[in-house]
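A.B. asks: Below: one structure in structure tokens.
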Amino acid sequence: MTEESKLNTSLSIMRLTPEQFSELGIVYPGMPQYELLNAMREVRSNLVDNLQKDKATLLVSSISNHEPAEKLTLNLAAVFALESQKRALIIDCNPYSPIDYQAIGTVASIGLTEYLSGETNNLSEIVYHTGIEKVAVIPAGLKTATAAELYNNRKMQNTISKLQELYQDSTLIINSPPVDKHSEARFLTKYCDVSLLSVLYGKSSKSQVLSASDALDKSKFAGVVFQY
């Protein structure tokens, strides 16, 4: 079974245009803002060098709802997918403020919380194409009330392990809720190899950044990425 056949292909997906990439602030090949593209390539290289392997499961979190991790998550997925023979799979674990799936060309009906709660047992039903080449997404789902319990159980661990096995040529990126409002980021780190904190430049104090980084597993914490 190829990786393409493991995705939900019920809808035809159009690739994002350069204008749409620019509007969303997502990197793409040939973009005029080459400084941003090179900066994301540098982040990718540093992560790969520190892990000493070219495939990993990453976690991206933020300090608060005012500076969501979504933009960094999407940019990491896009820049990892730029590499030849490489793909990226976003696992959205923030049902409280999920990624704008429609903006990235995805129309999702069910997601991770539905799979974890047993509403579907077919993992391929919750993996969707996006308008970003070689990037797929698992939507967060709609069950916000029980999301913390669903993420912190054996089935979630087994799901991450299964995804790592099925998508061996993909970098898995967990999009986490912010650390100041939700408990999920603290235990979602056990499913990743490395974590990053997305911070809007000039919007948070040094003490807030340090407190947020302390909330993540220090042994897996790779650093802060400032967003502008």
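Ordered as shown in the structure tokens, chains take letters A, B, and onward, while each chain numbers its residues from 1 and ligands are numbered from 1 in the order shown.
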Within 6 Å of stretch 104-110 of chain A, counting only C-alpha atoms, which residues qualify if same-chain residues fewer than 6 places away don't, as a PyMOL selection string?
C.D. replies: chain A and resi 130-131+141
A.B. asks: Deliver the residues from the most recent selection as a file, using C-alpha atoms, as a tab-separated table (two decimals), in the first residue's frame.
C.D. replies:
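File written: result_36.tsv
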chain	number	residue	atom	x	y	z
A	130	THR	CA	-3.98	19.43	1.87
A	131	GLY	CA	-3.28	22.08	-0.75
A	141	GLY	CA	-12.02	16.57	15.71
A.B. asks: Extract, using only C-alpha atoms, all DNA, RNA and protein residues at most 12 Å from A:Leu116, discarding same-chain residues fewer than 2 positions from it, and format them as a PyMOL selection string.
C.D. replies: chain A and resi 93+110-114+118-123+126+140-143+146-160
A.B. asks: Just the residues within 12 Å of A:Gln20, please, counting only C-alpha atoms, with nothing from its chain fewer than 3 positions along; format it as a ChimeraX atom specification.
C.D. replies: /A:14-17,23-28,31,102-105,131-132
A.B. asks: Residues of the last selection are to be written out with C-alpha atoms, as a compact mmCIF listing (two decimals), in the first residue's frame.
C.D. replies:
# COMPACT_ATOMS: atom_id res chain seq x y z
CA MET A 14 -6.45 21.93 -5.38
CA ARG A 15 -2.90 23.06 -4.70
CA LEU A 16 -2.55 26.43 -3.00
CA THR A 17 -1.48 29.29 -5.25
CA GLU A 23 -1.65 35.29 2.56
CA LEU A 24 -1.29 32.42 5.03
CA GLY A 25 2.38 33.15 5.68
CA ILE A 26 3.48 29.67 4.60
CA VAL A 27 6.79 29.09 2.83
CA TYR A 28 6.91 27.70 -0.70
CA MET A 31 8.84 32.68 -2.86
CA GLN A 102 -10.41 25.12 4.61
CA ALA A 103 -7.66 27.70 4.17
CA ILE A 104 -5.15 24.95 3.37
CA GLY A 105 -7.53 23.26 0.95
CA GLY A 131 -3.28 22.08 -0.75
CA ILE A 132 0.39 21.99 0.29
A.B. asks: Please compute the atom CA of A:His182-atom CA of A:Ser195 distance, one decimal, in Å.
C.D. replies: 16.3 Å
A.B. asks: Determine which residues of stretch 21-68 of chain A DSSP labels as alpha helix (DSSP H) from the backbone of this structure, then write them out as a list of chain:residue names.
C.D. replies: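 The alpha helix (DSSP H) subset of stretch 21-68 of chain A is A:Phe21, A:Ser22, A:Glu23, A:Leu24, A:Tyr34, A:Glu35, A:Leu36, A:Leu37, A:Asn38, A:Ala39, A:Met40, A:Arg41, A:Glu42, A:Val43, A:Arg44, A:Ser45, A:Asn46, A:Leu47, A:Val48, A:Asp49, A:Asn50, A:Leu51.
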A.B. asks: Hey, can you spit out that residue selection with C-alpha atoms as a JSON list (two decimals), in the first residue's frame?
C.D. replies:
[["chain", "number", "residue", "atom", "x", "y", "z"],
["A", 21, "PHE", "CA", 0.71, 30.75, 0.47],
["A", 22, "SER", "CA", 1.69, 34.39, 0.96],
["A", 23, "GLU", "CA", -1.65, 35.29, 2.56],
["A", 24, "LEU", "CA", -1.29, 32.42, 5.03],
["A", 34, "TYR", "CA", 13.56, 34.17, 0.59],
["A", 35, "GLU", "CA", 14.68, 35.22, 4.10],
["A", 36, "LEU", "CA", 11.65, 33.47, 5.62],
["A", 37, "LEU", "CA", 12.21, 30.35, 3.51],
["A", 38, "ASN", "CA", 15.88, 30.22, 4.48],
["A", 39, "ALA", "CA", 15.01, 30.76, 8.14],
["A", 40, "MET", "CA", 12.65, 27.79, 8.10],
["A", 41, "ARG", "CA", 15.27, 25.69, 6.30],
["A", 42, "GLU", "CA", 17.69, 26.60, 9.09],
["A", 43, "VAL", "CA", 15.17, 25.48, 11.73],
["A", 44, "ARG", "CA", 14.75, 22.20, 9.84],
["A", 45, "SER", "CA", 18.49, 21.64, 9.58],
["A", 46, "ASN", "CA", 19.05, 22.36, 13.27],
["A", 47, "LEU", "CA", 16.32, 19.91, 14.28],
["A", 48, "VAL", "CA", 17.71, 17.16, 12.05],
["A", 49, "ASP", "CA", 21.28, 17.79, 13.25],
["A", 50, "ASN", "CA", 20.30, 17.75, 16.92],
["A", 51, "LEU", "CA", 18.28, 14.56, 16.53]]
A.B. asks: Identify, on the basis of only C-alpha atoms, every residue whose closest approach to A:Pro178 does not exceed 6 Å; exclude the query and any residue fewer than 2 positions from it along the same chain; express the result as a list of chain:residue names.
C.D. replies: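 Everything that qualifies: A:Ser61, A:Ser62, A:Ile63, A:Ser64, A:Asp180.
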A.B. asks: Let me make sure I understand: among A:Pro29, A:Pro68, A:Pro177, A:Gly223, which one has the smallest atom-to-atom distance to A:Glu83 if we use only C-alpha atoms?
C.D. replies: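 Selected residue with least distance to A:Glu83: A:Pro29.
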A.B. asks: Point out the residue among A:Phe187, A:Phe226, A:Phe221, A:Tyr167 with the least atom-to-atom distance to A:Leu89, counting only C-alpha atoms.
C.D. replies: A:Tyr167
A.B. asks: Rounded to one decimal place, report the atom CA of A:Leu163-atom CA of A:Ile138 distance in Å.
C.D. replies: 10.6 Å
A.B. asks: For each of A:Ser161, A:Ser97, A:Ser204, A:Thr189, take the minimum atom-to-atom distance to A:Lys220, counting only C-alpha atoms, then give the residue where this is smallest.
C.D. replies: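 Looking only at the distances to A:Lys220, the closest residue turns out to be A:Thr189.
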A.B. asks: Identify, with DSSP run on backbone atoms, the residues in stretch 18-119 of chain A assigned to strand (DSSP E), and express the list as a VMD selection string.
C.D. replies: chain A and resid 57 to 62 87 to 92
A.B. asks: Which neighbours of A:Leu58 fall inside 9 Å, counting only C-alpha atoms, when residues of the same chain fewer than 6 positions from it are skipped, and could you give them as a count of residues only?
C.D. replies: 12
A.B. asks: Using only C-alpha atoms, which residue out of A:Ser176, A:Asn75, A:Gln33, A:Gln168 lies closest to A:Lys55?
C.D. replies: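 Ranked by minimum distance to A:Lys55, first place goes to A:Gln168.
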A.B. asks: Taking only C-alpha atoms into account, which of A:His129, A:Arg87, A:Lys162, A:Lys71 comes nearest A:Leu200?
C.D. replies: A:Lys71
